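Undergrad: Below: one structure in structure tokens.
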Amino acid sequence: MSICYLNGDYLNIEEAKISPLDRGFIFGDSIYEVIACYDKKPFKLSPHIERLLKNLESIKINLELTELNLSDIINQVIHENNSKNQVIYLQISRGPEKIRDHTPQDYPTPTIFVSSFPMKVLPKKEIEPIEVIMQDDFRWRKSSIKATSLLASIMYKIEAKEKNVSEVILHEKGLITEGSVSNVFCVKNKVIKTPSLEANILPGITRETLIDIIKKSSYELIETDISIEELLASDEVWISNTTKGVVPVSKIDNQAIVNRQQEEIFNEILELFMTEIQADKNQ
Ligand code: PMP
């Protein structure tokens with residue numbers, strides 16, 4: 001049984017109900033966050049809440065929510081659930097209305113939902129590399145907003161499942177943008193690159209954490225354009241997100257990463273990422 005928060009109440013998730021006229025359901029008029037929680041402590045909570053508040057502002061949902069309110073709710077949900085390591089899913093929609101109309105009413109009451117699921121896999125050494133495919137990026141132009149209208153990502157994931165791979169790396173006009181649910185890093189001659197935020201991507205919190213870690217390490221990190229050819233000729237390719245941490249890629253479109261040296265740099269950065277999780281827990 002899992003306990004969630006819905007509009008002021010903490011309740012069993014099976015008892016949580018929202019209106020079918022909620023704009024989140026009807027239009028995907030809502031935003032979300034996914035936060036990793038290790039040993040009952042949310043990882044990088046402030047940047048997640050900051051991103052959420054920025055997204056609320058972008059889509060003009062007016063809510064008197066502060067970082068403090070939200071972190072109290074998140075911590076309470078974590079406390080109410082048993083698992084030590086959880087994935088917190090938080091969604092805020094513009095709320096329910098009486099009739100379906102694209103134009104929002106002046107003051108609908110937003111729906112706030114926070115839930116918890118046990119974390120399936122923890123970041124650990126000797127992570128199994130994944131296989132991916134590449135696809136044209138046909139998503140909208142505002143991928144920096146963490147919107148729940150995720151039809152494109154779902155279409156990519158169906159394709160990935162049919163091809164028996166784990167993720168789809170997207171490209172636009174010959175340049176890599178990001179994964180369908182992740183950010184992308186590559187390494188060539190010990191230089192680490194990731195597409196810049198100008199590339200119509202989500203500013204991933206794991207991406208940001210990795211960038212900070214790499215900048216403090218002996219490696220060079222460049223946020224820049226990465227062409228399809230450059231990605232395919234990389235020594236290492238990684239993807240990153242909250243639920244999986246950072247994961248190495250072994251094959252793209254069934255083609256092995258040619259110079260892959262047993263993820264030499266990946267392993268060093270993973271170690272630093274795991275240290276960062278410990279440090280964040282002790283803060
Ligand atoms: N890009 C996309 C499109 C995503 O869906 C995600 C995960 N939600 C990410 C990047 C990674 O973001 P984060 O590290 O904040 O989980």
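Residues in the structure tokens are named by chain (A, B, ... in the order shown) and by number from 1 within that chain; ligands are numbered from 1 in the order shown.
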Got a sec: who's within 6 Å of Ile133 (chain A), counting only C-alpha atoms, leaving out chain neighbours fewer than 5 positions off, as JSON, numbers by chain?
TA: {"A": [168, 252, 253]}
Undergrad: Output as JSON lines one row per residue of chain A within 9 Å of ligand 1: the closest atom pair and its distance in Å to one decimal place, counting only C-alpha atoms and all ligand atoms, sorted by chain and residue number ascending.
TA:
{"residue": "A:Tyr32", "atom": "CA", "partner": "ligand 1", "partner_atom_place_in_ligand_line": "8 (N)", "distance": 8.8}
{"residue": "A:Glu33", "atom": "CA", "partner": "ligand 1", "partner_atom_place_in_ligand_line": "8 (N)", "distance": 7.4}
{"residue": "A:Val34", "atom": "CA", "partner": "ligand 1", "partner_atom_place_in_ligand_line": "16 (O)", "distance": 6.3}
{"residue": "A:Ile35", "atom": "CA", "partner": "ligand 1", "partner_atom_place_in_ligand_line": "16 (O)", "distance": 7.4}
{"residue": "A:Ala36", "atom": "CA", "partner": "ligand 1", "partner_atom_place_in_ligand_line": "16 (O)", "distance": 8.6}
{"residue": "A:His48", "atom": "CA", "partner": "ligand 1", "partner_atom_place_in_ligand_line": "15 (O)", "distance": 7.3}
{"residue": "A:Arg51", "atom": "CA", "partner": "ligand 1", "partner_atom_place_in_ligand_line": "15 (O)", "distance": 9.0}
{"residue": "A:Ser143", "atom": "CA", "partner": "ligand 1", "partner_atom_place_in_ligand_line": "3 (C)", "distance": 7.0}
{"residue": "A:Ser144", "atom": "CA", "partner": "ligand 1", "partner_atom_place_in_ligand_line": "3 (C)", "distance": 8.4}
{"residue": "A:Lys146", "atom": "CA", "partner": "ligand 1", "partner_atom_place_in_ligand_line": "8 (N)", "distance": 7.3}
{"residue": "A:Leu150", "atom": "CA", "partner": "ligand 1", "partner_atom_place_in_ligand_line": "5 (O)", "distance": 8.5}
{"residue": "A:Ser153", "atom": "CA", "partner": "ligand 1", "partner_atom_place_in_ligand_line": "3 (C)", "distance": 7.4}
{"residue": "A:Glu178", "atom": "CA", "partner": "ligand 1", "partner_atom_place_in_ligand_line": "1 (N)", "distance": 6.0}
{"residue": "A:Gly179", "atom": "CA", "partner": "ligand 1", "partner_atom_place_in_ligand_line": "1 (N)", "distance": 6.0}
{"residue": "A:Ser180", "atom": "CA", "partner": "ligand 1", "partner_atom_place_in_ligand_line": "3 (C)", "distance": 4.9}
{"residue": "A:Val181", "atom": "CA", "partner": "ligand 1", "partner_atom_place_in_ligand_line": "5 (O)", "distance": 3.4}
{"residue": "A:Ser182", "atom": "CA", "partner": "ligand 1", "partner_atom_place_in_ligand_line": "10 (C)", "distance": 3.6}
{"residue": "A:Asn183", "atom": "CA", "partner": "ligand 1", "partner_atom_place_in_ligand_line": "10 (C)", "distance": 4.5}
{"residue": "A:Val184", "atom": "CA", "partner": "ligand 1", "partner_atom_place_in_ligand_line": "10 (C)", "distance": 8.2}
{"residue": "A:Ile201", "atom": "CA", "partner": "ligand 1", "partner_atom_place_in_ligand_line": "1 (N)", "distance": 6.3}
{"residue": "A:Leu202", "atom": "CA", "partner": "ligand 1", "partner_atom_place_in_ligand_line": "1 (N)", "distance": 4.8}
{"residue": "A:Pro203", "atom": "CA", "partner": "ligand 1", "partner_atom_place_in_ligand_line": "12 (O)", "distance": 6.6}
{"residue": "A:Gly204", "atom": "CA", "partner": "ligand 1", "partner_atom_place_in_ligand_line": "12 (O)", "distance": 3.4}
{"residue": "A:Ile205", "atom": "CA", "partner": "ligand 1", "partner_atom_place_in_ligand_line": "15 (O)", "distance": 3.8}
{"residue": "A:Thr206", "atom": "CA", "partner": "ligand 1", "partner_atom_place_in_ligand_line": "14 (O)", "distance": 3.7}
{"residue": "A:Arg207", "atom": "CA", "partner": "ligand 1", "partner_atom_place_in_ligand_line": "14 (O)", "distance": 5.6}
{"residue": "A:Glu208", "atom": "CA", "partner": "ligand 1", "partner_atom_place_in_ligand_line": "14 (O)", "distance": 7.7}
{"residue": "A:Thr209", "atom": "CA", "partner": "ligand 1", "partner_atom_place_in_ligand_line": "14 (O)", "distance": 8.4}
{"residue": "A:Ile239", "atom": "CA", "partner": "ligand 1", "partner_atom_place_in_ligand_line": "11 (C)", "distance": 8.7}
{"residue": "A:Ser240", "atom": "CA", "partner": "ligand 1", "partner_atom_place_in_ligand_line": "14 (O)", "distance": 6.0}
{"residue": "A:Asn241", "atom": "CA", "partner": "ligand 1", "partner_atom_place_in_ligand_line": "14 (O)", "distance": 3.6}
{"residue": "A:Thr242", "atom": "CA", "partner": "ligand 1", "partner_atom_place_in_ligand_line": "16 (O)", "distance": 3.7}
{"residue": "A:Thr243", "atom": "CA", "partner": "ligand 1", "partner_atom_place_in_ligand_line": "16 (O)", "distance": 6.6}
{"residue": "A:Lys244", "atom": "CA", "partner": "ligand 1", "partner_atom_place_in_ligand_line": "16 (O)", "distance": 8.4}
{"residue": "A:Gly245", "atom": "CA", "partner": "ligand 1", "partner_atom_place_in_ligand_line": "14 (O)", "distance": 7.6}
Undergrad: What would the file look like if the residues just selected were written as a tab-separated table (two decimals), in the first residue's frame with N, CA, C and O atoms?
TA:
chain	number	residue	atom	x	y	z
A	32	TYR	N	5.07	18.23	-13.94
A	32	TYR	CA	5.42	17.22	-12.94
A	32	TYR	C	6.89	17.27	-12.59
A	32	TYR	O	7.68	17.95	-13.25
A	33	GLU	N	7.22	16.53	-11.54
A	33	GLU	CA	8.62	16.35	-11.12
A	33	GLU	C	8.78	14.90	-10.68
A	33	GLU	O	7.82	14.28	-10.20
A	34	VAL	N	9.96	14.37	-10.86
A	34	VAL	CA	10.29	13.05	-10.33
A	34	VAL	C	11.56	13.24	-9.50
A	34	VAL	O	12.55	13.77	-9.99
A	35	ILE	N	11.48	12.84	-8.23
A	35	ILE	CA	12.58	13.10	-7.30
A	35	ILE	C	13.04	11.78	-6.68
A	35	ILE	O	12.21	11.01	-6.17
A	36	ALA	N	14.33	11.53	-6.73
A	36	ALA	CA	14.87	10.31	-6.10
A	36	ALA	C	15.01	10.54	-4.61
A	36	ALA	O	15.30	11.65	-4.17
A	48	HIS	N	14.99	20.58	-7.76
A	48	HIS	CA	13.73	20.03	-8.30
A	48	HIS	C	12.59	21.02	-8.06
A	48	HIS	O	11.79	21.29	-8.96
A	51	ARG	N	12.88	24.08	-10.27
A	51	ARG	CA	12.44	23.81	-11.65
A	51	ARG	C	10.91	23.79	-11.72
A	51	ARG	O	10.30	24.33	-12.64
A	143	SER	N	10.60	21.89	-24.84
A	143	SER	CA	10.95	20.71	-24.04
A	143	SER	C	11.57	21.05	-22.69
A	143	SER	O	11.76	20.18	-21.85
A	144	SER	N	11.88	22.34	-22.48
A	144	SER	CA	12.43	22.72	-21.17
A	144	SER	C	11.35	22.68	-20.10
A	144	SER	O	11.65	22.66	-18.91
A	146	LYS	N	8.64	20.73	-18.02
A	146	LYS	CA	8.41	19.32	-17.69
A	146	LYS	C	6.90	19.08	-17.68
A	146	LYS	O	6.27	18.98	-16.62
A	150	LEU	N	2.95	13.77	-22.59
A	150	LEU	CA	4.15	13.00	-22.94
A	150	LEU	C	3.93	12.00	-24.07
A	150	LEU	O	4.60	10.97	-24.14
A	153	SER	N	7.04	10.99	-26.05
A	153	SER	CA	7.94	10.08	-25.32
A	153	SER	C	7.37	8.67	-25.30
A	153	SER	O	8.11	7.69	-25.39
A	178	GLU	N	18.31	15.04	-26.85
A	178	GLU	CA	18.36	14.29	-25.58
A	178	GLU	C	17.72	12.94	-25.78
A	178	GLU	O	17.31	12.59	-26.90
A	179	GLY	N	17.60	12.14	-24.72
A	179	GLY	CA	16.89	10.88	-24.80
A	179	GLY	C	15.39	11.14	-24.61
A	179	GLY	O	14.99	12.24	-24.24
A	180	SER	N	14.55	10.11	-24.88
A	180	SER	CA	13.10	10.33	-24.72
A	180	SER	C	12.75	10.59	-23.26
A	180	SER	O	11.77	11.27	-22.97
A	181	VAL	N	13.55	10.06	-22.32
A	181	VAL	CA	13.33	10.34	-20.89
A	181	VAL	C	14.67	10.58	-20.18
A	181	VAL	O	14.80	10.29	-18.98
A	182	SER	N	15.64	11.11	-20.90
A	182	SER	CA	16.97	11.26	-20.29
A	182	SER	C	17.78	12.33	-21.02
A	182	SER	O	17.43	12.74	-22.11
A	183	ASN	N	18.87	12.76	-20.40
A	183	ASN	CA	19.86	13.60	-21.09
A	183	ASN	C	21.01	12.72	-21.57
A	183	ASN	O	21.17	11.60	-21.11
A	184	VAL	N	21.79	13.27	-22.51
A	184	VAL	CA	22.84	12.47	-23.15
A	184	VAL	C	24.22	13.11	-22.93
A	184	VAL	O	24.35	14.34	-22.98
A	201	ILE	N	15.97	21.02	-24.85
A	201	ILE	CA	16.02	19.85	-23.97
A	201	ILE	C	15.51	20.21	-22.58
A	201	ILE	O	15.41	21.40	-22.24
A	202	LEU	N	15.22	19.18	-21.79
A	202	LEU	CA	14.87	19.42	-20.40
A	202	LEU	C	16.15	19.68	-19.61
A	202	LEU	O	17.12	18.93	-19.76
A	203	PRO	N	16.17	20.73	-18.77
A	203	PRO	CA	17.35	20.91	-17.91
A	203	PRO	C	17.31	19.87	-16.79
A	203	PRO	O	16.81	20.13	-15.70
A	204	GLY	N	17.79	18.68	-17.09
A	204	GLY	CA	17.73	17.57	-16.14
A	204	GLY	C	18.51	17.88	-14.87
A	204	GLY	O	19.60	18.46	-14.92
A	205	ILE	N	17.95	17.48	-13.74
A	205	ILE	CA	18.65	17.71	-12.46
A	205	ILE	C	19.86	16.78	-12.37
A	205	ILE	O	20.91	17.15	-11.85
A	206	THR	N	19.74	15.58	-12.92
A	206	THR	CA	20.89	14.65	-12.92
A	206	THR	C	21.98	15.20	-13.84
A	206	THR	O	23.17	15.14	-13.50
A	207	ARG	N	21.57	15.77	-14.98
A	207	ARG	CA	22.53	16.41	-15.91
A	207	ARG	C	23.31	17.48	-15.18
A	207	ARG	O	24.54	17.52	-15.23
A	208	GLU	N	22.54	18.35	-14.46
A	208	GLU	CA	23.17	19.47	-13.74
A	208	GLU	C	24.13	18.94	-12.67
A	208	GLU	O	25.24	19.47	-12.49
A	209	THR	N	23.70	17.89	-11.96
A	209	THR	CA	24.55	17.29	-10.91
A	209	THR	C	25.83	16.75	-11.53
A	209	THR	O	26.93	16.97	-11.01
A	239	ILE	N	23.61	8.01	-20.64
A	239	ILE	CA	22.36	8.76	-20.48
A	239	ILE	C	22.14	8.99	-18.98
A	239	ILE	O	22.65	8.23	-18.16
A	240	SER	N	21.38	10.05	-18.66
A	240	SER	CA	21.18	10.35	-17.23
A	240	SER	C	19.73	10.73	-16.96
A	240	SER	O	19.10	11.42	-17.78
A	241	ASN	N	19.21	10.26	-15.86
A	241	ASN	CA	17.94	10.77	-15.32
A	241	ASN	C	17.80	10.39	-13.86
A	241	ASN	O	18.64	9.64	-13.32
A	242	THR	N	16.74	10.94	-13.24
A	242	THR	CA	16.56	10.77	-11.80
A	242	THR	C	16.38	9.32	-11.39
A	242	THR	O	16.94	8.89	-10.38
A	243	THR	N	15.60	8.56	-12.15
A	243	THR	CA	15.30	7.20	-11.70
A	243	THR	C	16.46	6.23	-11.95
A	243	THR	O	16.61	5.25	-11.23
A	244	LYS	N	17.29	6.50	-12.95
A	244	LYS	CA	18.38	5.56	-13.26
A	244	LYS	C	19.76	6.11	-12.91
A	244	LYS	O	20.74	5.38	-12.98
A	245	GLY	N	19.86	7.38	-12.56
A	245	GLY	CA	21.17	7.98	-12.30
A	245	GLY	C	21.89	8.18	-13.62
A	245	GLY	O	21.36	8.80	-14.54
Undergrad: Restricting the calculation to only C-alpha atoms: of A:Asp280, A:Glu220, A:Asp235, A:Glu14, which residue gets closest to Glu264 (chain A)?
TA: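 Answer, going by the shortest atom-to-atom distance: A:Asp235.
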Undergrad: So that I can check the secondary structure, give me every residue of region 4-208 of chain A assigned strand (DSSP E) by backbone DSSP, as a VMD selection string.
TA: chain A and resid 4 to 6 9 to 12 30 to 38 41 to 42 86 to 93 111 to 118 130 to 136 167 to 172 175 to 179 183 to 188 191 to 194
Undergrad: Considering only C-alpha atoms, return as an mmCIF file with N, CA, C and O atoms, in the first residue's frame whatever protein or nucleic-acid residues lie within 9 Å of Ile88 (chain A), sequence-local ones (same chain, fewer than 2 positions apart) excluded.
TA:
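File part20.cif, as written:
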data_model
loop_
_atom_site.group_PDB
_atom_site.id
_atom_site.type_symbol
_atom_site.label_atom_id
_atom_site.label_comp_id
_atom_site.auth_asym_id
_atom_site.auth_seq_id
_atom_site.Cartn_x
_atom_site.Cartn_y
_atom_site.Cartn_z
ATOM 1 N N GLU A 33 7.222 16.532 -11.545
ATOM 2 C CA GLU A 33 8.616 16.345 -11.122
ATOM 3 C C GLU A 33 8.780 14.898 -10.683
ATOM 4 O O GLU A 33 7.819 14.280 -10.197
ATOM 5 N N VAL A 34 9.959 14.368 -10.862
ATOM 6 C CA VAL A 34 10.293 13.046 -10.332
ATOM 7 C C VAL A 34 11.556 13.243 -9.499
ATOM 8 O O VAL A 34 12.547 13.774 -9.989
ATOM 9 N N ILE A 35 11.479 12.841 -8.233
ATOM 10 C CA ILE A 35 12.580 13.100 -7.296
ATOM 11 C C ILE A 35 13.040 11.776 -6.679
ATOM 12 O O ILE A 35 12.212 11.006 -6.170
ATOM 13 N N ALA A 36 14.333 11.527 -6.727
ATOM 14 C CA ALA A 36 14.865 10.307 -6.101
ATOM 15 C C ALA A 36 15.013 10.539 -4.606
ATOM 16 O O ALA A 36 15.298 11.655 -4.166
ATOM 17 N N CYS A 37 14.784 9.470 -3.848
ATOM 18 C CA CYS A 37 14.890 9.601 -2.404
ATOM 19 C C CYS A 37 15.703 8.414 -1.880
ATOM 20 O O CYS A 37 15.312 7.270 -2.077
ATOM 21 N N PRO A 42 15.198 13.122 0.254
ATOM 22 C CA PRO A 42 15.109 13.472 -1.170
ATOM 23 C C PRO A 42 16.436 14.028 -1.689
ATOM 24 O O PRO A 42 17.071 14.845 -1.020
ATOM 25 N N ILE A 74 6.451 16.851 0.476
ATOM 26 C CA ILE A 74 7.273 15.749 -0.063
ATOM 27 C C ILE A 74 7.858 14.926 1.081
ATOM 28 O O ILE A 74 7.790 13.690 1.094
ATOM 29 N N VAL A 77 5.204 12.734 2.663
ATOM 30 C CA VAL A 77 4.884 11.557 1.829
ATOM 31 C C VAL A 77 5.989 10.500 1.992
ATOM 32 O O VAL A 77 5.712 9.313 2.151
ATOM 33 N N ILE A 78 7.240 10.942 1.998
ATOM 34 C CA ILE A 78 8.356 9.999 2.174
ATOM 35 C C ILE A 78 8.214 9.289 3.521
ATOM 36 O O ILE A 78 8.325 8.065 3.625
ATOM 37 N N GLN A 86 12.964 5.659 -2.396
ATOM 38 C CA GLN A 86 11.680 5.876 -3.077
ATOM 39 C C GLN A 86 11.873 6.779 -4.294
ATOM 40 O O GLN A 86 12.859 7.507 -4.390
ATOM 41 N N LEU A 90 5.460 13.919 -8.450
ATOM 42 C CA LEU A 90 4.661 15.074 -8.046
ATOM 43 C C LEU A 90 4.044 15.703 -9.297
ATOM 44 O O LEU A 90 4.746 15.906 -10.292
ATOM 45 N N VAL A 114 1.043 14.206 -4.875
ATOM 46 C CA VAL A 114 2.424 13.734 -4.616
ATOM 47 C C VAL A 114 2.342 12.266 -4.222
ATOM 48 O O VAL A 114 1.613 11.908 -3.294
ATOM 49 N N SER A 115 3.062 11.409 -4.946
ATOM 50 C CA SER A 115 2.991 9.976 -4.640
ATOM 51 C C SER A 115 4.396 9.398 -4.515
ATOM 52 O O SER A 115 5.383 10.048 -4.864
ATOM 53 N N SER A 116 4.454 8.171 -4.039
ATOM 54 C CA SER A 116 5.757 7.531 -3.833
ATOM 55 C C SER A 116 5.732 6.098 -4.352
ATOM 56 O O SER A 116 4.730 5.390 -4.191
ATOM 57 N N PHE A 117 6.811 5.701 -5.000
ATOM 58 C CA PHE A 117 6.968 4.310 -5.454
ATOM 59 C C PHE A 117 8.326 3.833 -4.961
ATOM 60 O O PHE A 117 9.265 4.627 -4.886
ATOM 61 N N PRO A 118 8.441 2.543 -4.655
ATOM 62 C CA PRO A 118 9.763 2.062 -4.247
ATOM 63 C C PRO A 118 10.749 2.209 -5.406
ATOM 64 O O PRO A 118 10.371 1.991 -6.560
#
Undergrad: Report, in Å to a single decimal, how far apart CA of Leu270 (chain A) and CA of Lys44 (chain A) are.
TA: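 Taking CA of Lys44 (chain A) as the start and CA of Leu270 (chain A) as the end point, the length is 16.5 Å.
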Undergrad: Using only C-alpha atoms, which protein or nucleic acid residues come within 8 Å of Gln91 (chain A)? Drop anything in the same chain fewer than 2 positions from it, and give the result as a list in words.
TA: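 Contacts, with the query itself left out: Ser30, Ile31, Tyr32, Glu33, Tyr89, Ser93, Thr111, Ile112, Phe113 and Val114 of chain A.
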Undergrad: Since we have the selection now, will you write its residues out, keeping N, CA, C and O atoms, as a JSON list (two decimals), in the first residue's frame?
TA:
[["chain", "number", "residue", "atom", "x", "y", "z"],
["A", 30, "SER", "N", -0.73, 20.26, -17.28],
["A", 30, "SER", "CA", -0.10, 20.09, -15.97],
["A", 30, "SER", "C", 1.39, 19.83, -16.13],
["A", 30, "SER", "O", 1.87, 19.49, -17.21],
["A", 31, "ILE", "N", 2.08, 20.00, -15.03],
["A", 31, "ILE", "CA", 3.53, 19.76, -15.02],
["A", 31, "ILE", "C", 3.86, 18.78, -13.90],
["A", 31, "ILE", "O", 3.02, 18.54, -13.02],
["A", 32, "TYR", "N", 5.07, 18.23, -13.94],
["A", 32, "TYR", "CA", 5.42, 17.22, -12.94],
["A", 32, "TYR", "C", 6.89, 17.27, -12.59],
["A", 32, "TYR", "O", 7.68, 17.95, -13.25],
["A", 33, "GLU", "N", 7.22, 16.53, -11.54],
["A", 33, "GLU", "CA", 8.62, 16.35, -11.12],
["A", 33, "GLU", "C", 8.78, 14.90, -10.68],
["A", 33, "GLU", "O", 7.82, 14.28, -10.20],
["A", 89, "TYR", "N", 6.79, 11.04, -7.19],
["A", 89, "TYR", "CA", 6.18, 11.60, -8.40],
["A", 89, "TYR", "C", 5.23, 12.72, -7.95],
["A", 89, "TYR", "O", 4.31, 12.47, -7.17],
["A", 93, "SER", "N", -1.74, 20.10, -11.72],
["A", 93, "SER", "CA", -2.51, 20.46, -12.92],
["A", 93, "SER", "C", -3.24, 21.77, -12.66],
["A", 93, "SER", "O", -3.34, 22.22, -11.52],
["A", 111, "THR", "N", -4.84, 21.13, -8.97],
["A", 111, "THR", "CA", -4.79, 19.83, -8.31],
["A", 111, "THR", "C", -3.33, 19.54, -7.99],
["A", 111, "THR", "O", -2.47, 19.60, -8.88],
["A", 112, "ILE", "N", -3.06, 19.22, -6.72],
["A", 112, "ILE", "CA", -1.68, 18.91, -6.32],
["A", 112, "ILE", "C", -1.63, 17.46, -5.84],
["A", 112, "ILE", "O", -2.38, 17.07, -4.93],
["A", 113, "PHE", "N", -0.79, 16.68, -6.48],
["A", 113, "PHE", "CA", -0.70, 15.24, -6.20],
["A", 113, "PHE", "C", 0.76, 14.87, -5.99],
["A", 113, "PHE", "O", 1.62, 15.21, -6.81],
["A", 114, "VAL", "N", 1.04, 14.21, -4.88],
["A", 114, "VAL", "CA", 2.42, 13.73, -4.62],
["A", 114, "VAL", "C", 2.34, 12.27, -4.22],
["A", 114, "VAL", "O", 1.61, 11.91, -3.29]]
Undergrad: Would you mind telling me which residue in A:Asn85, A:Ile73, A:Lys17, A:Met134 lies nearest to Lys281 (chain A) when using only C-alpha atoms?
TA: A:Asn85
Undergrad: Would you give me, as an MDAnalysis selection string, the residues in region 71-256 of chain A that DSSP reads as helix (DSSP H, G or I)?
TA: chainID A and resid 71:80 151:162 197:199 205:216 228:232
Undergrad: Store the residues picked out above, limited to N, CA and C atoms, as a compact mmCIF listing (two decimals), in the first residue's frame.
TA:
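Produced file again07.txt, reproduced below:
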# COMPACT_ATOMS: atom_id res chain seq x y z
N SER A 71 8.37 21.24 0.12
CA SER A 71 9.30 20.27 0.71
C SER A 71 8.68 19.62 1.94
N ASP A 72 7.82 20.33 2.68
CA ASP A 72 7.12 19.70 3.81
C ASP A 72 6.24 18.55 3.33
N ILE A 73 5.48 18.82 2.24
CA ILE A 73 4.57 17.78 1.71
C ILE A 73 5.38 16.57 1.23
N ILE A 74 6.45 16.85 0.48
CA ILE A 74 7.27 15.75 -0.06
C ILE A 74 7.86 14.93 1.08
N ASN A 75 8.40 15.61 2.10
CA ASN A 75 9.00 14.88 3.22
C ASN A 75 7.97 14.07 3.99
N GLN A 76 6.74 14.61 4.08
CA GLN A 76 5.68 13.87 4.78
C GLN A 76 5.31 12.61 3.99
N VAL A 77 5.20 12.73 2.66
CA VAL A 77 4.88 11.56 1.83
C VAL A 77 5.99 10.50 1.99
N ILE A 78 7.24 10.94 2.00
CA ILE A 78 8.36 10.00 2.17
C ILE A 78 8.21 9.29 3.52
N HIS A 79 7.90 10.07 4.55
CA HIS A 79 7.76 9.54 5.90
C HIS A 79 6.61 8.53 6.00
N GLU A 80 5.51 8.81 5.29
CA GLU A 80 4.32 7.95 5.36
C GLU A 80 4.54 6.60 4.66
N LEU A 151 2.96 12.32 -24.96
CA LEU A 151 2.63 11.37 -26.02
C LEU A 151 3.85 11.02 -26.88
N ALA A 152 4.66 12.04 -27.19
CA ALA A 152 5.84 11.77 -28.03
C ALA A 152 6.76 10.77 -27.34
N SER A 153 7.04 10.99 -26.05
CA SER A 153 7.94 10.08 -25.32
C SER A 153 7.37 8.67 -25.30
N ILE A 154 6.04 8.58 -25.18
CA ILE A 154 5.42 7.25 -25.13
C ILE A 154 5.54 6.56 -26.48
N MET A 155 5.37 7.32 -27.56
CA MET A 155 5.55 6.72 -28.89
C MET A 155 6.99 6.22 -29.06
N TYR A 156 7.96 7.01 -28.57
CA TYR A 156 9.36 6.56 -28.67
C TYR A 156 9.58 5.30 -27.83
N LYS A 157 8.97 5.26 -26.64
CA LYS A 157 9.18 4.11 -25.76
C LYS A 157 8.53 2.83 -26.33
N ILE A 158 7.40 2.99 -27.03
CA ILE A 158 6.77 1.83 -27.67
C ILE A 158 7.71 1.28 -28.75
N GLU A 159 8.28 2.19 -29.52
CA GLU A 159 9.24 1.83 -30.57
C GLU A 159 10.46 1.11 -29.96
N ALA A 160 10.95 1.66 -28.85
CA ALA A 160 12.12 1.06 -28.17
C ALA A 160 11.78 -0.36 -27.71
N LYS A 161 10.58 -0.54 -27.16
CA LYS A 161 10.16 -1.86 -26.67
C LYS A 161 10.08 -2.85 -27.83
N GLU A 162 9.52 -2.38 -28.95
CA GLU A 162 9.41 -3.26 -30.12
C GLU A 162 10.78 -3.69 -30.63
N LEU A 197 21.70 23.71 -23.16
CA LEU A 197 20.26 23.91 -22.89
C LEU A 197 19.55 24.60 -24.05
N GLU A 198 20.32 25.15 -25.00
CA GLU A 198 19.71 25.78 -26.18
C GLU A 198 19.14 24.73 -27.14
N ALA A 199 19.46 23.46 -26.91
CA ALA A 199 19.09 22.41 -27.88
C ALA A 199 17.65 21.89 -27.69
N ILE A 205 17.95 17.48 -13.74
CA ILE A 205 18.65 17.71 -12.46
C ILE A 205 19.86 16.78 -12.37
N THR A 206 19.74 15.58 -12.92
CA THR A 206 20.89 14.65 -12.92
C THR A 206 21.98 15.20 -13.84
N ARG A 207 21.57 15.77 -14.98
CA ARG A 207 22.53 16.41 -15.91
C ARG A 207 23.31 17.48 -15.18
N GLU A 208 22.54 18.35 -14.46
CA GLU A 208 23.17 19.47 -13.74
C GLU A 208 24.13 18.94 -12.67
N THR A 209 23.70 17.89 -11.96
CA THR A 209 24.55 17.29 -10.91
C THR A 209 25.83 16.75 -11.53
N LEU A 210 25.69 16.07 -12.67
CA LEU A 210 26.88 15.49 -13.33
C LEU A 210 27.81 16.60 -13.83
N ILE A 211 27.23 17.66 -14.38
CA ILE A 211 28.06 18.77 -14.87
C ILE A 211 28.89 19.35 -13.71
N ASP A 212 28.22 19.55 -12.55
CA ASP A 212 28.94 20.09 -11.37
C ASP A 212 30.08 19.15 -10.95
N ILE A 213 29.76 17.85 -10.94
CA ILE A 213 30.76 16.85 -10.53
C ILE A 213 31.95 16.86 -11.49
N ILE A 214 31.64 16.87 -12.80
CA ILE A 214 32.71 16.78 -13.81
C ILE A 214 33.59 18.04 -13.74
N LYS A 215 32.92 19.20 -13.54
CA LYS A 215 33.70 20.45 -13.50
C LYS A 215 34.67 20.46 -12.32
N LYS A 216 34.31 19.72 -11.25
CA LYS A 216 35.22 19.66 -10.09
C LYS A 216 36.27 18.57 -10.27
N ILE A 228 25.23 13.62 -35.02
CA ILE A 228 24.97 12.18 -34.98
C ILE A 228 26.28 11.41 -35.20
N GLU A 229 27.08 11.88 -36.18
CA GLU A 229 28.34 11.20 -36.51
C GLU A 229 29.28 11.23 -35.30
N GLU A 230 29.30 12.38 -34.62
CA GLU A 230 30.19 12.52 -33.45
C GLU A 230 29.76 11.56 -32.35
N LEU A 231 28.46 11.46 -32.15
CA LEU A 231 27.97 10.55 -31.10
C LEU A 231 28.38 9.11 -31.42
N LEU A 232 28.20 8.75 -32.71
CA LEU A 232 28.50 7.36 -33.10
C LEU A 232 30.01 7.06 -33.01
Undergrad: Quote the spacing between CA of Pro248 (chain A) and CA of Leu175 (chain A) in Å to one decimal place.
TA: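 Result for CA of Pro248 (chain A) versus CA of Leu175 (chain A): 19.8 Å, one decimal.
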Undergrad: Nearest to Arg94 (chain A) among A:Leu122, A:Ile61, A:Ile13, A:Val191, with distances taken over only C-alpha atoms: which residue is it?
TA: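 Smallest separation from Arg94 (chain A) among the options: A:Ile61.
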Undergrad: Taking into account only C-alpha atoms, which residue in the set A:Pro20, A:Gly8, A:Gly174, A:Pro195 is nearest to Ile99 (chain A)?
TA: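 Looking at the shortest contact to Ile99 (chain A), the residue is A:Pro20.
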Undergrad: Report, in Å to a single decimal, how far apart CA of Glu131 (chain A) and CA of Asn254 (chain A) are.
TA: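 Separating CA of Asn254 (chain A) from CA of Glu131 (chain A) is a distance of 7.5 Å.
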Undergrad: Using only C-alpha atoms, which of the listed residues (A:Glu50, A:Glu268, A:Glu57, A:Glu172) sits closest to Leu70 (chain A)?
TA: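 Smallest separation from Leu70 (chain A) among the options: A:Glu50.
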